[in-house]
Structures are given as C-alpha cells and as structure tokens.
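Next comes model.cif, a file with mmCIF, C-alpha atoms and all ligand atoms.
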data_query
loop_
_atom_site.label_atom_id
_atom_site.label_comp_id
_atom_site.auth_asym_id
_atom_site.auth_seq_id
_atom_site.Cartn_x
_atom_site.Cartn_y
_atom_site.Cartn_z
CA MET A 1 3.60 71.12 65.35
CA GLN A 2 0.62 70.06 63.24
CA TYR A 3 1.01 66.68 61.59
CA MET A 4 -0.93 65.57 58.55
CA THR A 5 -3.10 62.51 58.66
CA PHE A 6 -3.48 59.73 56.10
CA LYS A 7 -7.10 60.77 55.73
CA GLU A 8 -6.02 64.24 54.67
CA LEU A 9 -3.86 62.58 52.03
CA GLU A 10 -7.12 61.10 50.70
CA VAL A 11 -6.26 57.54 51.51
CA ILE A 12 -9.42 55.43 51.27
CA GLU A 13 -11.21 53.81 54.18
CA PRO A 14 -10.15 50.14 53.85
CA ILE A 15 -6.50 51.16 53.74
CA LEU A 16 -6.90 53.70 56.55
CA LYS A 17 -8.28 50.92 58.68
CA ALA A 18 -5.25 48.72 58.03
CA LEU A 19 -2.85 51.58 58.79
CA GLN A 20 -4.65 52.24 62.01
CA GLU A 21 -4.32 48.59 62.96
CA LYS A 22 -0.59 48.79 62.20
CA GLY A 23 -0.41 51.71 64.63
CA TYR A 24 0.61 54.30 62.02
CA THR A 25 -0.80 57.54 63.33
CA HIS A 26 0.81 59.96 60.87
CA PRO A 27 2.51 59.71 57.50
CA THR A 28 6.30 59.94 57.44
CA PRO A 29 7.78 62.79 55.35
CA ILE A 30 8.23 60.65 52.25
CA GLN A 31 4.66 59.39 52.54
CA GLU A 32 3.34 62.90 52.98
CA GLN A 33 5.13 64.04 49.84
CA ALA A 34 4.84 60.99 47.61
CA ILE A 35 1.28 59.79 48.21
CA PRO A 36 -0.47 62.83 46.64
CA ILE A 37 1.84 62.71 43.59
CA LEU A 38 1.21 59.02 43.11
CA LEU A 39 -2.53 59.24 43.64
CA LYS A 40 -2.56 61.76 40.78
CA GLY A 41 -0.98 59.08 38.60
CA LYS A 42 2.34 60.84 38.10
CA ASP A 43 5.76 59.16 37.81
CA LEU A 44 8.04 59.59 40.79
CA LEU A 45 11.74 59.77 41.43
CA GLY A 46 12.29 59.12 45.14
CA CYS A 47 15.64 59.73 46.73
CA ALA A 48 15.14 57.78 49.92
CA GLN A 49 16.32 54.65 51.63
CA THR A 50 14.86 51.86 53.70
CA GLY A 51 13.78 53.08 57.10
CA THR A 52 12.03 56.22 55.87
CA GLY A 53 8.68 54.55 55.31
CA LYS A 54 9.11 54.43 51.55
CA THR A 55 7.43 51.04 51.12
CA ALA A 56 4.12 52.39 52.40
CA ALA A 57 4.71 55.54 50.31
CA PHE A 58 4.40 53.47 47.14
CA ALA A 59 2.29 50.54 48.36
CA ILE A 60 -0.63 52.66 49.61
CA PRO A 61 -1.27 54.51 46.31
CA ILE A 62 -0.84 51.33 44.27
CA LEU A 63 -3.32 49.46 46.47
CA GLN A 64 -5.69 52.38 46.26
CA HIS A 65 -5.53 52.59 42.45
CA LEU A 66 -6.10 48.86 42.14
CA TYR A 67 -8.93 48.85 44.66
CA LEU A 68 -10.74 51.61 42.81
CA ASP A 69 -10.16 50.08 39.38
CA LYS A 70 -13.56 48.80 38.32
CA THR A 71 -12.11 47.02 35.30
CA ARG A 72 -9.82 44.80 37.38
CA ASN A 73 -10.81 41.20 36.84
CA ARG A 74 -11.19 39.56 40.25
CA ASN A 75 -11.72 36.10 38.78
CA GLN A 76 -8.79 36.05 36.44
CA ARG A 77 -6.15 38.20 38.05
CA GLN A 78 -3.40 39.72 35.96
CA ILE A 79 -0.20 41.29 37.18
CA LYS A 80 -1.09 44.98 37.33
CA ALA A 81 1.72 46.13 39.61
CA LEU A 82 5.34 44.99 39.55
CA ILE A 83 7.83 45.87 42.27
CA VAL A 84 11.44 44.94 41.63
CA THR A 85 13.89 45.02 44.51
CA PRO A 86 17.45 43.72 44.86
CA THR A 87 17.34 41.28 47.79
CA ARG A 88 15.16 38.43 48.92
CA GLU A 89 14.71 39.94 52.36
CA LEU A 90 13.47 43.22 50.92
CA ALA A 91 11.17 41.41 48.49
CA ILE A 92 9.58 39.40 51.30
CA GLN A 93 9.14 42.49 53.43
CA ILE A 94 7.57 44.53 50.66
CA ALA A 95 5.11 41.72 49.89
CA ASP A 96 4.28 41.44 53.60
CA ASN A 97 3.61 45.16 53.67
CA PHE A 98 1.27 44.90 50.66
CA THR A 99 -0.59 42.13 52.47
CA GLU A 100 -0.86 44.19 55.66
CA TYR A 101 -1.87 47.51 54.10
CA GLY A 102 -4.25 45.71 51.74
CA GLU A 103 -5.78 43.50 54.39
CA HIS A 104 -9.25 45.03 54.00
CA THR A 105 -9.11 45.00 50.22
CA ASP A 106 -9.35 42.03 47.85
CA ILE A 107 -5.95 42.70 46.30
CA ARG A 108 -3.63 39.72 46.08
CA ASN A 109 0.13 39.70 45.88
CA THR A 110 2.92 37.21 45.72
CA VAL A 111 6.68 37.35 46.00
CA ILE A 112 9.32 35.60 43.92
CA PHE A 113 13.09 35.40 44.49
CA GLY A 114 15.95 33.10 43.67
CA GLY A 115 17.75 30.58 45.85
CA ILE A 116 14.76 28.31 46.40
CA LYS A 117 12.78 25.96 44.17
CA GLN A 118 10.31 27.73 41.93
CA GLY A 119 7.33 25.36 42.40
CA SER A 120 5.46 27.24 45.12
CA GLN A 121 6.12 30.52 43.32
CA THR A 122 4.77 29.33 39.97
CA ASN A 123 1.75 27.83 41.73
CA ALA A 124 0.96 31.19 43.32
CA LEU A 125 1.38 32.88 39.96
CA ARG A 126 -0.98 30.38 38.33
CA ARG A 127 -3.65 31.15 40.92
CA GLY A 128 -3.41 34.78 39.81
CA VAL A 129 -2.09 37.91 41.52
CA ASP A 130 -2.59 41.65 41.12
CA VAL A 131 0.76 42.64 42.62
CA LEU A 132 4.06 40.89 42.02
CA VAL A 133 7.15 41.62 44.13
CA ALA A 134 10.33 40.18 42.64
CA THR A 135 14.08 40.11 42.59
CA PRO A 136 15.43 40.61 39.05
CA GLY A 137 17.05 37.23 38.36
CA ARG A 138 14.09 35.02 39.25
CA LEU A 139 11.72 37.43 37.54
CA LEU A 140 13.52 37.19 34.19
CA ASP A 141 13.90 33.45 34.63
CA LEU A 142 10.17 32.88 35.17
CA MET A 143 9.36 35.29 32.33
CA ASN A 144 11.60 33.28 30.02
CA GLN A 145 9.86 30.11 31.09
CA GLY A 146 6.51 31.66 30.24
CA PHE A 147 5.13 31.81 33.79
CA ILE A 148 4.96 35.60 33.86
CA SER A 149 3.66 38.12 31.41
CA LEU A 150 4.14 41.82 32.05
CA LYS A 151 1.77 43.00 29.34
CA ASN A 152 -0.89 44.15 31.81
CA VAL A 153 1.46 45.99 34.17
CA GLU A 154 0.22 49.50 34.93
CA TYR A 155 2.40 50.28 37.95
CA PHE A 156 6.12 49.61 37.99
CA VAL A 157 8.38 50.24 40.97
CA LEU A 158 12.15 49.94 40.87
CA ASP A 159 13.32 49.88 44.45
CA GLU A 160 16.86 50.48 45.80
CA ALA A 161 18.23 51.23 42.33
CA ASP A 162 21.74 52.03 43.58
CA GLN A 163 21.90 48.69 45.31
CA MET A 164 20.82 47.04 42.04
CA LEU A 165 23.80 48.68 40.43
CA ASP A 166 26.18 47.49 43.18
CA MET A 167 24.88 43.97 42.85
CA GLY A 168 25.32 43.92 39.08
CA PHE A 169 21.63 43.85 38.16
CA VAL A 170 21.59 46.83 35.82
CA HIS A 171 21.71 44.73 32.66
CA ASP A 172 18.74 42.68 33.90
CA ILE A 173 16.82 45.85 34.67
CA LYS A 174 17.44 47.30 31.23
CA LYS A 175 16.19 44.06 29.69
CA LEU A 176 13.14 44.15 31.92
CA ILE A 177 12.18 47.69 30.95
CA THR A 178 11.86 46.66 27.31
CA LYS A 179 9.20 44.11 28.32
CA LEU A 180 6.98 46.62 30.14
CA PRO A 181 4.02 48.32 28.49
CA VAL A 182 4.86 51.88 27.47
CA LYS A 183 1.75 53.24 29.14
CA ARG A 184 2.35 52.81 32.86
CA GLN A 185 3.06 54.70 36.06
CA SER A 186 6.70 54.31 37.06
CA LEU A 187 8.36 54.83 40.42
CA PHE A 188 12.08 54.87 40.89
CA PHE A 189 13.71 54.77 44.33
CA SER A 190 17.37 55.09 45.20
CA ALA A 191 19.21 56.14 48.35
CA THR A 192 21.94 57.82 46.32
CA MET A 193 21.87 59.37 42.87
CA PRO A 194 25.19 58.81 41.09
CA LYS A 195 25.31 59.52 37.33
CA THR A 196 24.57 55.95 36.23
CA ILE A 197 21.47 55.90 38.41
CA VAL A 198 20.21 59.20 37.03
CA GLU A 199 20.72 57.82 33.51
CA LEU A 200 18.84 54.66 34.40
CA SER A 201 15.97 56.66 35.87
CA GLY A 202 15.76 58.53 32.56
CA LYS A 203 15.08 55.23 30.79
CA ILE A 204 12.29 54.32 33.17
CA LEU A 205 10.46 57.50 34.08
CA GLY A 206 8.28 59.68 31.90
CA ASN A 207 7.19 63.07 33.10
CA TYR A 208 8.06 62.74 36.76
CA GLU A 209 8.09 64.61 40.04
CA SER A 210 10.83 64.05 42.56
CA VAL A 211 10.88 63.70 46.30
CA THR A 212 13.99 63.67 48.43
CA VAL A 213 14.19 62.69 52.05
CA LYS A 214 17.54 62.94 53.67
CA PRO A 215 17.53 60.39 56.43
CA GLU A 216 21.22 60.87 57.22
CA GLN A 217 20.94 63.67 59.71
CA ALA A 218 17.43 62.76 60.79
CA THR A 219 18.42 59.21 61.61
CA ALA A 220 21.60 60.25 63.29
CA GLU A 221 19.71 62.74 65.42
CA ARG A 222 17.10 60.22 66.49
CA VAL A 223 19.49 57.49 67.50
CA GLY A 224 21.54 57.68 70.69
CA GLN A 225 25.08 56.92 69.58
CA ALA A 226 28.32 56.09 71.32
CA VAL A 227 31.74 54.86 70.34
CA TYR A 228 33.89 52.52 72.43
CA PHE A 229 37.60 52.53 71.67
CA VAL A 230 38.93 49.02 71.96
CA SER A 231 41.76 46.94 70.56
CA LYS A 232 40.94 44.42 67.87
CA ALA A 233 41.84 41.58 70.20
CA ASP A 234 39.42 42.73 72.92
CA LYS A 235 36.39 43.26 70.69
CA THR A 236 34.73 39.94 71.40
CA LYS A 237 35.17 40.37 75.17
CA LEU A 238 33.78 43.88 74.96
CA LEU A 239 30.80 42.62 72.98
CA VAL A 240 29.93 40.05 75.62
CA HIS A 241 30.34 42.72 78.28
CA VAL A 242 28.11 45.25 76.49
CA LEU A 243 25.42 42.70 75.68
CA LYS A 244 25.28 41.59 79.29
CA GLU A 245 25.26 45.15 80.54
CA GLU A 246 22.63 46.43 78.11
CA ASN A 247 20.52 43.27 78.31
CA ALA A 248 18.55 44.46 75.29
CA VAL A 249 15.81 42.20 73.99
CA SER A 250 16.86 42.32 70.36
CA THR A 251 20.27 43.45 69.27
CA LEU A 252 21.60 43.59 65.74
CA VAL A 253 25.37 43.26 65.51
CA PHE A 254 27.12 44.24 62.30
CA ALA A 255 30.26 42.48 61.23
CA ARG A 256 32.21 43.37 58.10
CA THR A 257 32.76 39.81 56.86
CA LYS A 258 30.84 36.55 56.78
CA HIS A 259 33.70 34.86 58.59
CA GLY A 260 33.69 37.60 61.23
CA ALA A 261 29.94 37.19 61.73
CA ASP A 262 30.31 33.43 62.30
CA LYS A 263 33.16 34.03 64.72
CA VAL A 264 31.06 36.46 66.76
CA VAL A 265 28.18 33.95 66.96
CA LYS A 266 30.57 31.29 68.29
CA VAL A 267 31.92 33.58 70.99
CA LEU A 268 28.42 34.64 72.06
CA SER A 269 27.17 31.08 72.16
CA LYS A 270 30.07 30.19 74.46
CA ALA A 271 29.04 33.09 76.70
CA LYS A 272 25.47 31.68 76.72
CA ILE A 273 24.02 34.53 74.71
CA THR A 274 21.68 33.20 72.02
CA ALA A 275 22.86 34.42 68.63
CA GLU A 276 22.58 33.56 64.96
CA ALA A 277 24.25 34.95 61.87
CA ILE A 278 22.76 35.93 58.54
CA HIS A 279 25.00 36.42 55.57
CA GLY A 280 25.34 35.44 51.93
CA ASN A 281 26.85 32.01 52.62
CA LYS A 282 23.74 30.87 54.43
CA SER A 283 20.90 29.26 52.51
CA GLN A 284 17.73 31.24 52.04
CA ASN A 285 15.94 28.95 54.47
CA ALA A 286 18.61 29.37 57.12
CA ARG A 287 18.44 33.15 56.75
CA GLN A 288 14.67 33.24 57.02
CA ARG A 289 14.77 30.94 60.02
CA ALA A 290 17.38 33.08 61.76
CA LEU A 291 15.32 36.18 61.04
CA SER A 292 12.09 34.71 62.41
CA ASN A 293 13.86 33.33 65.50
CA PHE A 294 15.15 36.82 66.11
CA LYS A 295 11.81 38.51 65.48
CA GLU A 296 10.08 36.09 67.81
CA GLY A 297 12.67 36.72 70.49
CA LYS A 298 14.05 33.17 70.43
CA THR A 299 17.50 34.54 69.70
CA LYS A 300 18.61 37.73 71.35
CA VAL A 301 21.32 38.69 68.94
CA LEU A 302 21.39 38.67 65.17
CA VAL A 303 24.83 39.06 63.63
CA ALA A 304 24.70 40.33 60.07
CA THR A 305 26.82 41.56 57.23
CA ASP A 306 25.68 44.73 55.48
CA ILE A 307 24.29 43.09 52.36
CA ALA A 308 22.34 40.47 54.30
CA ALA A 309 20.95 43.07 56.69
CA ARG A 310 19.73 45.42 54.01
CA GLY A 311 16.06 45.95 54.48
CA ILE A 312 15.70 43.90 57.63
CA ASP A 313 12.64 45.36 59.21
CA ILE A 314 12.33 44.80 62.90
CA SER A 315 10.32 47.57 64.43
CA ASP A 316 11.33 47.27 68.08
CA LEU A 317 15.06 46.87 67.59
CA ALA A 318 16.52 48.39 70.72
CA LEU A 319 20.22 48.25 70.03
CA VAL A 320 22.55 48.17 67.04
CA ILE A 321 26.20 47.34 67.61
CA ASN A 322 28.83 48.05 65.01
CA TYR A 323 31.29 45.34 65.88
CA ASP A 324 33.32 46.61 62.96
CA LEU A 325 33.02 50.14 61.68
CA PRO A 326 32.14 50.35 57.98
CA ASN A 327 34.64 52.01 55.65
CA VAL A 328 31.79 53.67 53.72
CA PRO A 329 30.26 56.32 56.00
CA GLU A 330 26.77 56.07 54.46
CA THR A 331 26.71 52.42 55.51
CA TYR A 332 26.95 53.57 59.13
CA VAL A 333 23.79 55.61 58.67
CA HIS A 334 22.04 52.66 57.03
CA ARG A 335 23.07 50.46 59.93
CA ILE A 336 21.99 52.72 62.75
CA GLY A 337 18.76 53.33 60.84
CA ARG A 338 17.85 49.74 61.75
CA THR A 339 17.05 51.14 65.15
CA GLY A 340 15.19 54.42 65.46
CA ARG A 341 12.82 53.46 62.63
CA ALA A 342 10.01 55.78 61.52
CA SER A 343 8.75 56.95 64.87
CA ALA A 344 10.81 54.85 67.28
CA SER A 345 14.17 55.81 68.71
CA GLY A 346 17.08 53.56 69.48
CA ILE A 347 20.66 53.16 70.51
CA SER A 348 23.75 52.43 68.49
CA ILE A 349 27.14 51.48 69.90
CA SER A 350 30.23 51.32 67.73
CA PHE A 351 33.47 49.51 68.49
CA CYS A 352 36.47 51.24 67.04
CA ASN A 353 40.02 49.97 66.99
CA ILE A 354 43.02 52.03 66.00
CA GLU A 355 42.84 51.06 62.31
CA GLU A 356 39.21 52.12 62.18
CA ARG A 357 39.76 55.65 63.48
CA PRO A 358 39.84 57.16 59.98
CA TYR A 359 36.43 55.54 59.28
CA LEU A 360 35.09 57.16 62.44
CA LYS A 361 36.31 60.53 61.23
CA ASP A 362 34.54 60.08 57.88
CA ILE A 363 31.33 59.06 59.62
CA GLU A 364 31.39 62.08 61.93
CA LYS A 365 31.94 64.31 58.93
CA LEU A 366 28.92 62.84 57.16
CA ILE A 367 26.54 63.04 60.10
CA LYS A 368 27.96 66.39 61.16
CA GLN A 369 28.18 65.20 64.76
CA GLN A 370 30.85 63.99 67.08
CA ILE A 371 29.88 60.62 68.43
CA PRO A 372 30.30 60.59 72.22
CA VAL A 373 33.12 58.36 73.42
CA VAL A 374 32.42 55.99 76.28
CA SER A 375 35.64 55.03 77.97
CA THR A 376 34.22 53.64 81.19
CA HIS A 377 34.38 50.07 80.03
CA PRO A 378 36.83 47.36 81.04
CA TYR A 379 38.54 47.13 77.64
CA ALA A 380 39.03 50.84 76.96
CA ASP A 381 41.84 51.36 74.53
CA ALA A 382 43.16 54.82 75.23
CA SER A 383 46.79 53.80 74.80
CA LYS A 384 47.24 55.01 71.25
CA GLU A 385 44.81 57.89 71.18
CA GLU A 386 47.56 60.47 71.08
CA LEU A 387 48.36 59.16 67.59
CA ILE A 388 45.12 60.64 66.37
CA PRO A 389 45.64 64.40 66.36
CA ASP A 390 42.04 65.51 66.77
CA LYS A 391 41.00 62.79 69.19
CA LYS A 392 42.28 63.73 72.60
CA PRO A 393 42.39 60.91 75.12
CA GLN A 394 39.08 60.68 76.90
CA GLY A 395 39.88 58.41 79.73
CA ASN A 396 42.59 56.86 81.81
CA ASN A 397 42.18 53.24 80.88
CA GLY A 398 38.61 52.98 81.85
CA GLN A 399 38.85 54.62 85.27
CA LYS A 400 35.80 56.86 85.63
CA ALA A 401 36.64 58.87 82.57
CA LYS A 402 34.01 61.19 81.20
CA PRO A 403 32.69 60.63 77.70
CA LYS A 404 33.33 63.28 75.11
CA ASN A 405 30.78 66.04 74.51
CA ASN A 406 29.03 65.76 77.81
CA GLY A 407 29.64 65.37 81.46
CA ASN A 408 27.21 62.57 81.99
CA ARG A 409 28.19 59.16 80.76
CA ASN A 410 24.66 58.32 79.74
CA ASN A 411 23.86 61.58 78.00
CA TRP A 412 24.49 60.08 74.59
CA ARG A 413 21.36 58.03 75.06
CA GLY A 414 19.24 61.17 74.99
CA ASN A 415 16.11 60.44 76.98
CA LYS A 416 16.46 56.74 76.57
CA SER A 417 17.16 54.56 79.53
CA LYS A 418 18.80 51.17 79.45
CA SER A 419 16.34 48.43 78.63
CA SER A 420 17.65 46.42 81.55
CA SER A 421 16.84 49.08 84.07
P1 LIG A 501 10.48 51.26 55.14
O1 LIG A 501 11.31 52.48 54.90
O2 LIG A 501 9.39 51.12 54.15
O3 LIG A 501 11.33 50.03 55.25
O4 LIG A 501 9.74 51.44 56.55
C1 LIG A 501 10.45 51.51 57.74
C2 LIG A 501 9.62 51.12 58.96
O5 LIG A 501 8.73 52.15 59.31
C3 LIG A 501 8.78 49.87 58.81
O6 LIG A 501 8.92 49.15 60.02
C4 LIG A 501 7.36 50.37 58.67
O7 LIG A 501 6.44 49.43 59.19
C5 LIG A 501 7.41 51.63 59.51
N1 LIG A 501 6.50 52.69 59.06
C6 LIG A 501 6.24 53.07 57.79
N2 LIG A 501 5.39 54.10 57.76
C7 LIG A 501 5.08 54.40 59.04
C8 LIG A 501 4.24 55.37 59.66
N3 LIG A 501 3.56 56.26 58.96
N4 LIG A 501 4.19 55.37 61.01
C9 LIG A 501 4.89 54.46 61.74
N5 LIG A 501 5.69 53.54 61.22
C10 LIG A 501 5.80 53.49 59.88
#
Starting from the coordinates I provided, produce the structure as structure tokens.
Amino acid sequence: MQYMTFKELEVIEPILKALQEKGYTHPTPIQEQAIPILLKGKDLLGCAQTGTGKTAAFAIPILQHLYLDKTRNRNQRQIKALIVTPTRELAIQIADNFTEYGEHTDIRNTVIFGGIKQGSQTNALRRGVDVLVATPGRLLDLMNQGFISLKNVEYFVLDEADQMLDMGFVHDIKKLITKLPVKRQSLFFSATMPKTIVELSGKILGNYESVTVKPEQATAERVGQAVYFVSKADKTKLLVHVLKEENAVSTLVFARTKHGADKVVKVLSKAKITAEAIHGNKSQNARQRALSNFKEGKTKVLVATDIAARGIDISDLALVINYDLPNVPETYVHRIGRTGRASASGISISFCNIEERPYLKDIEKLIKQQIPVVSTHPYADASKEELIPDKKPQGNNGQKAKPKNNGNRNNWRGNKSKSSS
C-alpha cells in the first residue's frame, strides 16, 4: 500500500523537519484528509477523537499559515490562533504539540487553564503569543479581567465539543463565539455528533468541509484485547497478579470512581508496585506530577478515572487494564485507544465481574468483535457463567482452559509478545 507523505500534503520545510524529528513518517488518515482542506483556508467539521492524530491535523496548518503570514508582527505578538479544549491535560498536551511541531519556526504559544494561580499565565500573555490554548473557564475569566483580547483571532479551534457539552461548558462556548471576529477560519472537532453538537457547530462554522475518522473499529483491531472473568472481591488480587505477570513498563489502569482509583493505588503500593492515581479530587499540581512520574518511568502504574485520563498522551503505553468495565461502550474504545496510538499497537485487559457482563455485551456489539476470554488465571470466575445465555463457560476454574475464539491462549495478543519476555 502506498502511503502519502507530509511533503505531498505541501507541508513546509521547517515543519517537515520537526515532524521528522518526532518520528512521524506518514500522516494519519485524519491528517491526510484535513491538512489540504485547512491549508486552503476552509472551515472544517472533524468527527474524530483523541488518539487519531487530530492535534497535528489542525496544528500543522495553523503553524504553516502563521509562519507564512508576512504581516504577523514578531515584536508585538497578538493572539492569532485560539484553541479551546475541555480539560487541563488536553490543553497542556496541545500546547506541547504546537511547541514541538513549531520548533523550527518563530511561532510562540502559551496555555491557560483553571485550578492554579493566574500569575504565570498572565505574564506569558503579556510577553505576547501567536497561539493560545485554553480551557473555557479560565479563558473567559482572563478576558473579563482584560488580559486577553480575541479581536485579532484568525484561526479558532473548538476541540472535543461533545466533552464540552458533558462538562457543562456549552454556555461559555456560546458566549465566547460572540467575542470572535466574524472573519476567521473555524475548526470544530467532536468524537460524536449528537443533535446539540451539530447545532453548536452551525453557530461556529461557515462554509465547511467535513472529515470523519472512525477510530472505533480501527482502534479495536489494532489493540490486542482480552477479558478476565473475576469476582468483584478478587479484582485487586488479580490486578497484582496480572501486573506481575505482564511486567509492563507503563500500565494505565482505569477505575470507575475516584475512591476506587485510590483503593487500587493502596493495594498496589502494598504489593510493592509503584502506582499513583489521577482524578478530579487531586490538585492540578498533583495530577501533573503523577503524570510526569509515570512518563519518566518513576511509577509503573497510573490509575485513572475516565475524565482525568481524557487526552493523556503517552506514546509507548504498553498495557491498559480496565479494572472496571465502563457502562458506556464508547468509553471502552477511548480507553483502549490509550494504547495502540497512531502507529503503535498495544494490549488491553479487561476485568469483568458478573454485574458487568451486560457492559461487556454492549462493548462487543459496538466493536463488532468478541473479546477473547482468558480463564487461565488463578482467580477465574466461571462459577456463574451459565447465567449468561450467550457466554458459555470457557474454563474449569482456571485449569488449563482455552480462551474463547482461538486455541492458543496468547493469540489475542496478535503478534505482540509479553514485554517481560
Ligand atoms: P492525538 O489524536 O492528536 O492525541 O494524537 C495521538 C498520538 O499520535 C500522539 O501521541 C501523537 O504524537 C501521535 N501522532 C500524531 N500524528 C502522528 C503521525 N503522523 N505519526 C505518528 N504518530 C503520530
């Protein structure tokens, strides 16, 4: 198969150089589709989620436009591009990406978000930036205080619009739109397109083109998946067992609740496995610290709730464990997309107790796959499987039972071998 190159997409030299340094050899599908549209100056409706490469899909053309803009005042910088995203973690990551892709340009960015003092943020704004990445609350706050003017904005990106809706930011966004210049290029990204989101996009976009990438199947196909049936009471023991057996360098564990995440960290610490939790009850500093410890390999396991984990970008994540199965099937796809990013492939293991079996069914329906069952583990819970009509017992309490769908226990990993081996 012939892949396109960034050069063929007419990306300019200084950016190509940065992409090369990042190790991006080829554009992802959303980049391939969106970059030409955006370089032409058109508005864009992107139906895509984190993990597809969408940040570079919008950051590259914006950087390129700004770089080529002869009128841009390098001495007195004005905010020319505004990217609004729902969470602090996403905001930081987007700004980092702008810095990386723009490394060989003179374009400056900064990031603002709530939960910390504003001093360093207003100082950065005073020094002047071309690109501002912001969460909605802090943005409006600093606008009201007179630190930010949007009157020079030419590029506006609304990222993760459906998440904005879930987090109650829609009113803020509507207010924000009224402050933007009418003449601008607008980009609107959302993983899902319910009616309210389509209506909102209508308020933001002019004459637009749309791009849809469906990561659901693609992600699910790339990631080696398995499900371990286990009773609720045995989940922590199973987690310790799996972590020791897999010995993966960096593992992200999803828990449904903040309390559950803290509990898991305690159990792991007792078992001498370094772990930290990130969730909404932690301060911004604590979350950032936990994230950098994890990225630097100081902690092996990061335990996260869905909201806190949104947008976490760790490229060599080897293993994702669903300690609890999510009741929304799309969330499962988001979670396992944390591994198997862009070009990498990964492994996802899900723990499923009897109450979670209906969630498993919904997930399998969405991804159009049956997730292989591994029952050769010491806490296999096959006792109640006959209660689930379409899930025949796979094992005999962990005694050399074969996983579903294949004869080889490790087949679900695809070509991937255990990182410990
Ligand atoms: P995003 O969807 O923007 O969060 O990007 C997901 C991940 O894919 C990030 O770790 C990016 O650094 C990475 N990525 C983006 N574009 C490419 C590419 N063309 N090749 C390889 N990795 C990429």
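Here atom CA of A:Glu246 is placed at a distance of 20.6 Å from atom CA of A:Ser231.
Atom pair atom CA of A:Ser190 / atom CA of A:Ala309 has a distance of 17.0 Å (rounded to one decimal).
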Margin query: I want to know what sits within 7 Å of A:Ser348, based on only C-alpha atoms, with residues of the same chain fewer than 6 positions away left out; could you give that as a PyMOL selection string?
Written below: chain A and resi 223-226+319-321+336
Write a file of the selected residues as a compact mmCIF listing (two decimals), in the frame of the given file, keeping C-alpha atoms.
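Wrote again-v5.txt, looks like this:
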# COMPACT_ATOMS: atom_id res chain seq x y z
CA VAL A 223 19.49 57.49 67.50
CA GLY A 224 21.54 57.68 70.69
CA GLN A 225 25.08 56.92 69.58
CA ALA A 226 28.32 56.09 71.32
CA LEU A 319 20.22 48.25 70.03
CA VAL A 320 22.55 48.17 67.04
CA ILE A 321 26.20 47.34 67.61
CA ILE A 336 21.99 52.72 62.75
Margin query: List the spatial neighbours of stretch 273-279 of chain A as a VMD selection string - criterion: any atom at most 10 Å away, only C-alpha atoms, same-chain residues fewer than 6 positions off excluded.
Written below: chain A and resid 240 243 to 244 251 to 255 257 to 267 286 to 291 293 to 294 297 to 309
Check: Near A:Leu158, counting all atoms listed in the file, which residues have an atom at most 8 Å away, once you skip same-chain residues fewer than 4 positions from it, shown as a list in words?
Finding: Ile83, Val84, Thr85, Ser186, Leu187, Phe188 and Phe189 of chain A
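Shortest atom-to-atom contact with A:Tyr155 among A:Phe6, A:Phe113, A:Phe98, A:Phe58: A:Phe58, counting all atoms listed in the file.
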